[in-house]
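Encoded as structure tokens, the structure appears first; notes follow it.
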Amino acid sequence: MIVEIVILAMIAAFLGLRLYSVLGRRAEHEEESIPHRFDAGDEDRKGEAVPNVAQLRPAQPVQQLEGMLPAVERGVRAIAAADSRFDILGFLEGAKGAYGMVLEAFWTGDKETLRELCDSDVYASFSGAIDAREAAGHTLDNKLIRIEDYKIMGAELDGRTARISVLFVADIAAVTRDADGNVVAGSLDDAVESRDVWTFSRDVKSSTPDWILDETDEG
């Protein structure tokens, strides 16, 4: 009997130790916080504030603002703040298109298109050059081969008027012909690099999104 009692006691002790070991590990795991897919987030788990996604999203695409001078970047952001429809990528694509349209209109003597795309001062300059060219009996046979690069060089918000200056680096083949079609200057075989800084302006309170060419300069 004594031997049986000792054996039963040993078995009971063994089972007790096994049960404690299993329950002890389970209790330790239950004390750990198990994240769930639909948890409120780090704010509930760690007491840390979760940043709003909108606060992390830049007002303008980062790649387009990189490399800008601080004053230029401030100007771009000021324009964006004043005009909810302003988009820097859309503006640059529009400026690139306007560059080609204005050049083509000037080369062909299309004053109507120039009047639509330019302010009065720039239009007057283009118009005067066209008149002088026609008076000399010259025509331009120019071609915009490609725009190598274009980037914002300046930006400001003056009251309700936004102004943005863009540098265009382009390859242009320029030929001037006389009244008989003879080449007076230039060649279509040799493209020349042109660097132009054009400034576009817009009333940010205007109901239309149109920008106009406000100033031209060499880059």
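Chain labels follow the order of the structure tokens: the first chain is A, the next B, and so on; residue numbering restarts at 1 in every chain, and ligands are counted from 1 in their shown order.
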
Would you list the contacts of Ala191 in chain A as a list of chain:residue names, taking every protein, DNA or RNA residue within 8 Å and counting only C-alpha atoms, but skipping same-chain residues closer than 2 positions in sequence?
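Once the nearby chain positions are removed, what remains is A:Ile145, A:Asp171, A:Ile172, A:Ala173, A:Ala174, A:Ser187, A:Leu188, A:Asp189, A:Glu193.
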
Exercise: Thr199 in chain A partners within 6 Å, only C-alpha atoms, chain neighbours under 3 positions left out, as an NGL selection string:
:A and (164-165 or 214-215)

Same residues, all heavy atoms, output as an mmCIF file, in the first residue's frame:
data_model
loop_
_atom_site.group_PDB
_atom_site.id
_atom_site.type_symbol
_atom_site.label_atom_id
_atom_site.label_comp_id
_atom_site.auth_asym_id
_atom_site.auth_seq_id
_atom_site.Cartn_x
_atom_site.Cartn_y
_atom_site.Cartn_z
ATOM 1 N N ILE A 164 4.460 83.443 -62.708
ATOM 2 C CA ILE A 164 5.423 82.337 -62.671
ATOM 3 C C ILE A 164 6.330 82.439 -63.890
ATOM 4 O O ILE A 164 5.855 82.531 -65.025
ATOM 5 C CB ILE A 164 4.716 80.969 -62.661
ATOM 6 C CG1 ILE A 164 3.783 80.849 -61.446
ATOM 7 C CG2 ILE A 164 5.744 79.841 -62.654
ATOM 8 C CD1 ILE A 164 3.049 79.530 -61.369
ATOM 9 N N SER A 165 7.631 82.429 -63.636
ATOM 10 C CA SER A 165 8.616 82.494 -64.711
ATOM 11 C C SER A 165 9.164 81.097 -64.984
ATOM 12 O O SER A 165 9.534 80.374 -64.053
ATOM 13 C CB SER A 165 9.764 83.432 -64.336
ATOM 14 O OG SER A 165 9.284 84.751 -64.117
ATOM 15 N N ASP A 214 3.138 87.163 -69.957
ATOM 16 C CA ASP A 214 3.240 88.489 -69.373
ATOM 17 C C ASP A 214 4.574 89.168 -69.696
ATOM 18 O O ASP A 214 4.668 90.406 -69.729
ATOM 19 C CB ASP A 214 3.068 88.376 -67.858
ATOM 20 C CG ASP A 214 3.047 89.702 -67.138
ATOM 21 O OD1 ASP A 214 2.039 90.421 -67.257
ATOM 22 O OD2 ASP A 214 4.036 90.018 -66.466
ATOM 23 N N GLU A 215 5.622 88.365 -69.936
ATOM 24 C CA GLU A 215 6.946 88.943 -70.183
ATOM 25 C C GLU A 215 7.823 87.892 -70.850
ATOM 26 O O GLU A 215 7.688 86.691 -70.578
ATOM 27 C CB GLU A 215 7.566 89.398 -68.857
ATOM 28 C CG GLU A 215 8.905 90.108 -68.979
ATOM 29 C CD GLU A 215 9.452 90.541 -67.626
ATOM 30 O OE1 GLU A 215 8.693 90.507 -66.639
ATOM 31 O OE2 GLU A 215 10.643 90.896 -67.575
#

Please compute the CA of Arg146 in chain A-CA of Ile130 in chain A distance, one decimal, in Å.
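Result for CA of Arg146 in chain A versus CA of Ile130 in chain A: 23.6 Å, one decimal.
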
Excluding Ser201 in chain A and any residue of its chain fewer than 4 positions from it, enumerate the residues within 12 Å of it, using only C-alpha atoms, and give them as a PyMOL selection string.
chain A and resi 79+91+95+117-119+154-158+160-166+206+209-216

Restrict the selected residues to N, CA and C atoms and save them as a PDB file, in the first residue's frame.
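As a result, again.pdb now contains:
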ATOM      1  N   ILE A  79       0.734  80.723 -54.297  1.00  0.00           N
ATOM      2  CA  ILE A  79      -0.219  80.685 -55.414  1.00  0.00           C
ATOM      3  C   ILE A  79      -1.182  79.518 -55.237  1.00  0.00           C
ATOM      4  N   PHE A  91       0.214  73.193 -64.790  1.00  0.00           N
ATOM      5  CA  PHE A  91       0.719  74.496 -65.237  1.00  0.00           C
ATOM      6  C   PHE A  91       1.923  74.324 -66.151  1.00  0.00           C
ATOM      7  N   ALA A  95       2.270  75.553 -69.880  1.00  0.00           N
ATOM      8  CA  ALA A  95       3.302  76.525 -70.273  1.00  0.00           C
ATOM      9  C   ALA A  95       4.131  75.994 -71.434  1.00  0.00           C
ATOM     10  N   LEU A 117      -3.058  84.847 -76.407  1.00  0.00           N
ATOM     11  CA  LEU A 117      -2.121  84.206 -75.484  1.00  0.00           C
ATOM     12  C   LEU A 117      -1.221  85.179 -74.733  1.00  0.00           C
ATOM     13  N   CYS A 118      -1.161  86.436 -75.182  1.00  0.00           N
ATOM     14  CA  CYS A 118      -0.225  87.400 -74.589  1.00  0.00           C
ATOM     15  C   CYS A 118      -0.966  88.596 -73.997  1.00  0.00           C
ATOM     16  N   ASP A 119      -0.297  89.271 -73.042  1.00  0.00           N
ATOM     17  CA  ASP A 119      -0.866  90.515 -72.548  1.00  0.00           C
ATOM     18  C   ASP A 119      -0.573  91.616 -73.564  1.00  0.00           C
ATOM     19  N   GLY A 154      10.966  81.357 -61.138  1.00  0.00           N
ATOM     20  CA  GLY A 154      10.470  82.396 -60.238  1.00  0.00           C
ATOM     21  C   GLY A 154       8.967  82.273 -60.078  1.00  0.00           C
ATOM     22  N   ALA A 155       8.469  82.670 -58.922  1.00  0.00           N
ATOM     23  CA  ALA A 155       7.032  82.618 -58.663  1.00  0.00           C
ATOM     24  C   ALA A 155       6.688  83.622 -57.569  1.00  0.00           C
ATOM     25  N   GLU A 156       5.581  84.319 -57.770  1.00  0.00           N
ATOM     26  CA  GLU A 156       5.144  85.278 -56.755  1.00  0.00           C
ATOM     27  C   GLU A 156       3.643  85.496 -56.863  1.00  0.00           C
ATOM     28  N   LEU A 157       3.067  85.894 -55.747  1.00  0.00           N
ATOM     29  CA  LEU A 157       1.665  86.273 -55.711  1.00  0.00           C
ATOM     30  C   LEU A 157       1.599  87.729 -55.299  1.00  0.00           C
ATOM     31  N   ASP A 158       1.208  88.588 -56.238  1.00  0.00           N
ATOM     32  CA  ASP A 158       1.116  90.024 -55.996  1.00  0.00           C
ATOM     33  C   ASP A 158      -0.357  90.395 -55.915  1.00  0.00           C
ATOM     34  N   ARG A 160      -3.838  89.713 -56.085  1.00  0.00           N
ATOM     35  CA  ARG A 160      -4.585  88.593 -56.667  1.00  0.00           C
ATOM     36  C   ARG A 160      -3.976  88.146 -58.001  1.00  0.00           C
ATOM     37  N   THR A 161      -2.793  88.660 -58.316  1.00  0.00           N
ATOM     38  CA  THR A 161      -2.120  88.296 -59.571  1.00  0.00           C
ATOM     39  C   THR A 161      -0.966  87.351 -59.297  1.00  0.00           C
ATOM     40  N   ALA A 162      -1.032  86.174 -59.899  1.00  0.00           N
ATOM     41  CA  ALA A 162       0.040  85.183 -59.781  1.00  0.00           C
ATOM     42  C   ALA A 162       0.951  85.314 -60.991  1.00  0.00           C
ATOM     43  N   ARG A 163       2.250  85.270 -60.750  1.00  0.00           N
ATOM     44  CA  ARG A 163       3.231  85.312 -61.836  1.00  0.00           C
ATOM     45  C   ARG A 163       4.238  84.185 -61.640  1.00  0.00           C
ATOM     46  N   ILE A 164       4.460  83.443 -62.708  1.00  0.00           N
ATOM     47  CA  ILE A 164       5.423  82.337 -62.671  1.00  0.00           C
ATOM     48  C   ILE A 164       6.330  82.439 -63.890  1.00  0.00           C
ATOM     49  N   SER A 165       7.631  82.429 -63.636  1.00  0.00           N
ATOM     50  CA  SER A 165       8.616  82.494 -64.711  1.00  0.00           C
ATOM     51  C   SER A 165       9.164  81.097 -64.984  1.00  0.00           C
ATOM     52  N   VAL A 166       9.200  80.734 -66.259  1.00  0.00           N
ATOM     53  CA  VAL A 166       9.648  79.398 -66.657  1.00  0.00           C
ATOM     54  C   VAL A 166      10.812  79.520 -67.637  1.00  0.00           C
ATOM     55  N   SER A 206     -10.035  84.822 -60.985  1.00  0.00           N
ATOM     56  CA  SER A 206     -10.752  84.712 -62.257  1.00  0.00           C
ATOM     57  C   SER A 206     -11.497  83.379 -62.335  1.00  0.00           C
ATOM     58  N   PRO A 209      -9.339  79.426 -66.013  1.00  0.00           N
ATOM     59  CA  PRO A 209      -8.010  78.986 -65.584  1.00  0.00           C
ATOM     60  C   PRO A 209      -6.885  79.451 -66.492  1.00  0.00           C
ATOM     61  N   ASP A 210      -7.175  80.362 -67.420  1.00  0.00           N
ATOM     62  CA  ASP A 210      -6.196  80.743 -68.436  1.00  0.00           C
ATOM     63  C   ASP A 210      -5.066  81.610 -67.870  1.00  0.00           C
ATOM     64  N   TRP A 211      -3.843  81.261 -68.262  1.00  0.00           N
ATOM     65  CA  TRP A 211      -2.669  82.063 -67.997  1.00  0.00           C
ATOM     66  C   TRP A 211      -2.286  82.776 -69.295  1.00  0.00           C
ATOM     67  N   ILE A 212      -1.711  83.959 -69.188  1.00  0.00           N
ATOM     68  CA  ILE A 212      -1.274  84.695 -70.383  1.00  0.00           C
ATOM     69  C   ILE A 212       0.216  84.994 -70.255  1.00  0.00           C
ATOM     70  N   LEU A 213       0.841  85.129 -71.411  1.00  0.00           N
ATOM     71  CA  LEU A 213       2.266  85.470 -71.430  1.00  0.00           C
ATOM     72  C   LEU A 213       2.425  86.920 -71.055  1.00  0.00           C
ATOM     73  N   ASP A 214       3.138  87.163 -69.957  1.00  0.00           N
ATOM     74  CA  ASP A 214       3.240  88.489 -69.373  1.00  0.00           C
ATOM     75  C   ASP A 214       4.574  89.168 -69.696  1.00  0.00           C
ATOM     76  N   GLU A 215       5.622  88.365 -69.936  1.00  0.00           N
ATOM     77  CA  GLU A 215       6.946  88.943 -70.183  1.00  0.00           C
ATOM     78  C   GLU A 215       7.823  87.892 -70.850  1.00  0.00           C
ATOM     79  N   THR A 216       8.731  88.318 -71.718  1.00  0.00           N
ATOM     80  CA  THR A 216       9.694  87.417 -72.339  1.00  0.00           C
ATOM     81  C   THR A 216      11.099  87.959 -72.128  1.00  0.00           C
TER      82      THR A 216
END

Any idea what the distance is between CA of Gly128 in chain A and CA of Lys111 in chain A?
10.3 Å

Among range 111-178 of chain A, which ones does DSSP assign to helix (DSSP H, G or I) (computed from the backbone)? Answer as an MDAnalysis selection string.
chainID A and resid 111:117 120:135

Using N, CA, C and O atoms, can you write the selected residues to a file as a PDB file, in the first residue's frame?
ATOM      1  N   LYS A 111      -1.425  87.039 -85.689  1.00  0.00           N
ATOM      2  CA  LYS A 111      -1.631  88.009 -84.619  1.00  0.00           C
ATOM      3  C   LYS A 111      -2.839  87.667 -83.745  1.00  0.00           C
ATOM      4  O   LYS A 111      -2.855  87.985 -82.548  1.00  0.00           O
ATOM      5  N   GLU A 112      -3.830  87.049 -84.309  1.00  0.00           N
ATOM      6  CA  GLU A 112      -5.032  86.715 -83.535  1.00  0.00           C
ATOM      7  C   GLU A 112      -4.702  85.758 -82.396  1.00  0.00           C
ATOM      8  O   GLU A 112      -5.156  85.944 -81.261  1.00  0.00           O
ATOM      9  N   THR A 113      -3.914  84.737 -82.696  1.00  0.00           N
ATOM     10  CA  THR A 113      -3.511  83.795 -81.652  1.00  0.00           C
ATOM     11  C   THR A 113      -2.627  84.473 -80.614  1.00  0.00           C
ATOM     12  O   THR A 113      -2.769  84.238 -79.411  1.00  0.00           O
ATOM     13  N   LEU A 114      -1.731  85.336 -81.074  1.00  0.00           N
ATOM     14  CA  LEU A 114      -0.859  86.059 -80.151  1.00  0.00           C
ATOM     15  C   LEU A 114      -1.664  86.951 -79.219  1.00  0.00           C
ATOM     16  O   LEU A 114      -1.355  87.063 -78.028  1.00  0.00           O
ATOM     17  N   ARG A 115      -2.711  87.569 -79.730  1.00  0.00           N
ATOM     18  CA  ARG A 115      -3.537  88.452 -78.899  1.00  0.00           C
ATOM     19  C   ARG A 115      -4.234  87.669 -77.799  1.00  0.00           C
ATOM     20  O   ARG A 115      -4.445  88.163 -76.693  1.00  0.00           O
ATOM     21  N   GLU A 116      -4.586  86.414 -78.098  1.00  0.00           N
ATOM     22  CA  GLU A 116      -5.271  85.579 -77.115  1.00  0.00           C
ATOM     23  C   GLU A 116      -4.325  85.065 -76.037  1.00  0.00           C
ATOM     24  O   GLU A 116      -4.725  84.872 -74.881  1.00  0.00           O
ATOM     25  N   LEU A 117      -3.058  84.847 -76.407  1.00  0.00           N
ATOM     26  CA  LEU A 117      -2.121  84.206 -75.484  1.00  0.00           C
ATOM     27  C   LEU A 117      -1.221  85.179 -74.733  1.00  0.00           C
ATOM     28  O   LEU A 117      -0.574  84.779 -73.760  1.00  0.00           O
ATOM     29  N   SER A 120      -1.073  92.802 -73.321  1.00  0.00           N
ATOM     30  CA  SER A 120      -0.997  93.879 -74.320  1.00  0.00           C
ATOM     31  C   SER A 120       0.437  94.268 -74.666  1.00  0.00           C
ATOM     32  O   SER A 120       0.763  94.514 -75.832  1.00  0.00           O
ATOM     33  N   ASP A 121       1.320  94.331 -73.663  1.00  0.00           N
ATOM     34  CA  ASP A 121       2.704  94.736 -73.923  1.00  0.00           C
ATOM     35  C   ASP A 121       3.447  93.716 -74.777  1.00  0.00           C
ATOM     36  O   ASP A 121       4.151  94.070 -75.738  1.00  0.00           O
ATOM     37  N   VAL A 122       3.324  92.439 -74.408  1.00  0.00           N
ATOM     38  CA  VAL A 122       4.013  91.396 -75.166  1.00  0.00           C
ATOM     39  C   VAL A 122       3.430  91.304 -76.579  1.00  0.00           C
ATOM     40  O   VAL A 122       4.164  91.152 -77.561  1.00  0.00           O
ATOM     41  N   TYR A 123       2.117  91.422 -76.666  1.00  0.00           N
ATOM     42  CA  TYR A 123       1.494  91.374 -77.992  1.00  0.00           C
ATOM     43  C   TYR A 123       2.001  92.521 -78.866  1.00  0.00           C
ATOM     44  O   TYR A 123       2.295  92.328 -80.058  1.00  0.00           O
ATOM     45  N   ALA A 124       2.094  93.703 -78.297  1.00  0.00           N
ATOM     46  CA  ALA A 124       2.561  94.861 -79.062  1.00  0.00           C
ATOM     47  C   ALA A 124       3.982  94.630 -79.584  1.00  0.00           C
ATOM     48  O   ALA A 124       4.313  95.002 -80.719  1.00  0.00           O
ATOM     49  N   SER A 125       4.827  93.998 -78.760  1.00  0.00           N
ATOM     50  CA  SER A 125       6.191  93.716 -79.177  1.00  0.00           C
ATOM     51  C   SER A 125       6.220  92.726 -80.332  1.00  0.00           C
ATOM     52  O   SER A 125       6.922  92.928 -81.341  1.00  0.00           O
ATOM     53  N   PHE A 126       5.464  91.645 -80.202  1.00  0.00           N
ATOM     54  CA  PHE A 126       5.400  90.650 -81.267  1.00  0.00           C
ATOM     55  C   PHE A 126       4.806  91.245 -82.541  1.00  0.00           C
ATOM     56  O   PHE A 126       5.309  91.024 -83.651  1.00  0.00           O
ATOM     57  N   SER A 127       3.737  91.998 -82.374  1.00  0.00           N
ATOM     58  CA  SER A 127       3.054  92.586 -83.526  1.00  0.00           C
ATOM     59  C   SER A 127       3.979  93.542 -84.281  1.00  0.00           C
ATOM     60  O   SER A 127       4.013  93.559 -85.525  1.00  0.00           O
ATOM     61  N   GLY A 128       4.749  94.357 -83.544  1.00  0.00           N
ATOM     62  CA  GLY A 128       5.677  95.284 -84.180  1.00  0.00           C
ATOM     63  C   GLY A 128       6.752  94.557 -84.960  1.00  0.00           C
ATOM     64  O   GLY A 128       7.137  94.973 -86.067  1.00  0.00           O
ATOM     65  N   ALA A 129       7.253  93.441 -84.385  1.00  0.00           N
ATOM     66  CA  ALA A 129       8.278  92.664 -85.078  1.00  0.00           C
ATOM     67  C   ALA A 129       7.718  92.021 -86.346  1.00  0.00           C
ATOM     68  O   ALA A 129       8.413  91.947 -87.372  1.00  0.00           O
ATOM     69  N   ILE A 130       6.464  91.576 -86.282  1.00  0.00           N
ATOM     70  CA  ILE A 130       5.830  90.984 -87.470  1.00  0.00           C
ATOM     71  C   ILE A 130       5.672  92.033 -88.568  1.00  0.00           C
ATOM     72  O   ILE A 130       5.950  91.773 -89.747  1.00  0.00           O
ATOM     73  N   ASP A 131       5.230  93.230 -88.184  1.00  0.00           N
ATOM     74  CA  ASP A 131       5.052  94.313 -89.167  1.00  0.00           C
ATOM     75  C   ASP A 131       6.385  94.668 -89.827  1.00  0.00           C
ATOM     76  O   ASP A 131       6.450  94.881 -91.044  1.00  0.00           O
ATOM     77  N   ALA A 132       7.446  94.750 -89.036  1.00  0.00           N
ATOM     78  CA  ALA A 132       8.764  95.087 -89.577  1.00  0.00           C
ATOM     79  C   ALA A 132       9.254  94.000 -90.523  1.00  0.00           C
ATOM     80  O   ALA A 132       9.859  94.298 -91.572  1.00  0.00           O
ATOM     81  N   ARG A 133       8.987  92.777 -90.157  1.00  0.00           N
ATOM     82  CA  ARG A 133       9.408  91.657 -90.996  1.00  0.00           C
ATOM     83  C   ARG A 133       8.663  91.664 -92.338  1.00  0.00           C
ATOM     84  O   ARG A 133       9.254  91.462 -93.405  1.00  0.00           O
ATOM     85  N   GLU A 134       7.366  91.896 -92.259  1.00  0.00           N
ATOM     86  CA  GLU A 134       6.570  91.935 -93.484  1.00  0.00           C
ATOM     87  C   GLU A 134       6.954  93.113 -94.363  1.00  0.00           C
ATOM     88  O   GLU A 134       6.969  93.007 -95.599  1.00  0.00           O
ATOM     89  N   ALA A 135       7.281  94.249 -93.726  1.00  0.00           N
ATOM     90  CA  ALA A 135       7.693  95.427 -94.496  1.00  0.00           C
ATOM     91  C   ALA A 135       8.991  95.163 -95.258  1.00  0.00           C
ATOM     92  O   ALA A 135       9.212  95.703 -96.358  1.00  0.00           O
TER      93      ALA A 135
END

Residue with smallest distance to Ile88 in chain A - pool A:Gly100, A:Gly109, A:Gly159, A:Gly75, counting only C-alpha atoms
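With only C-alpha atoms as the atom set, the closest residue is A:Gly75.
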
Residues within 12 Å of Thr208 in chain A, only C-alpha atoms, excluding chain neighbours under 5 positions, as a tab-separated table (two decimals) with N, CA and C atoms, in the first residue's frame:
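Here's the written file around-v9.tsv:
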chain	number	residue	atom	x	y	z
A	83	ASP	N	-5.21	79.79	-54.95
A	83	ASP	CA	-5.97	79.25	-56.08
A	83	ASP	C	-6.08	77.74	-55.92
A	85	ARG	N	-7.44	75.61	-57.66
A	85	ARG	CA	-7.35	74.85	-58.91
A	85	ARG	C	-5.93	74.77	-59.46
A	86	PHE	N	-5.00	75.48	-58.84
A	86	PHE	CA	-3.64	75.49	-59.35
A	86	PHE	C	-2.97	74.14	-59.13
A	202	ARG	N	-1.73	85.32	-64.08
A	202	ARG	CA	-3.15	84.97	-64.01
A	202	ARG	C	-3.77	85.61	-62.78
A	203	ASP	N	-5.00	86.07	-62.92
A	203	ASP	CA	-5.79	86.55	-61.79
A	203	ASP	C	-6.34	85.32	-61.08

Residue nearest Ala136 in chain A - candidates A:Asp178, A:Glu73, A:Phe200, A:Gly94, atoms counted: only C-alpha atoms:
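Distance minimum relative to Ala136 in chain A lands on A:Asp178.
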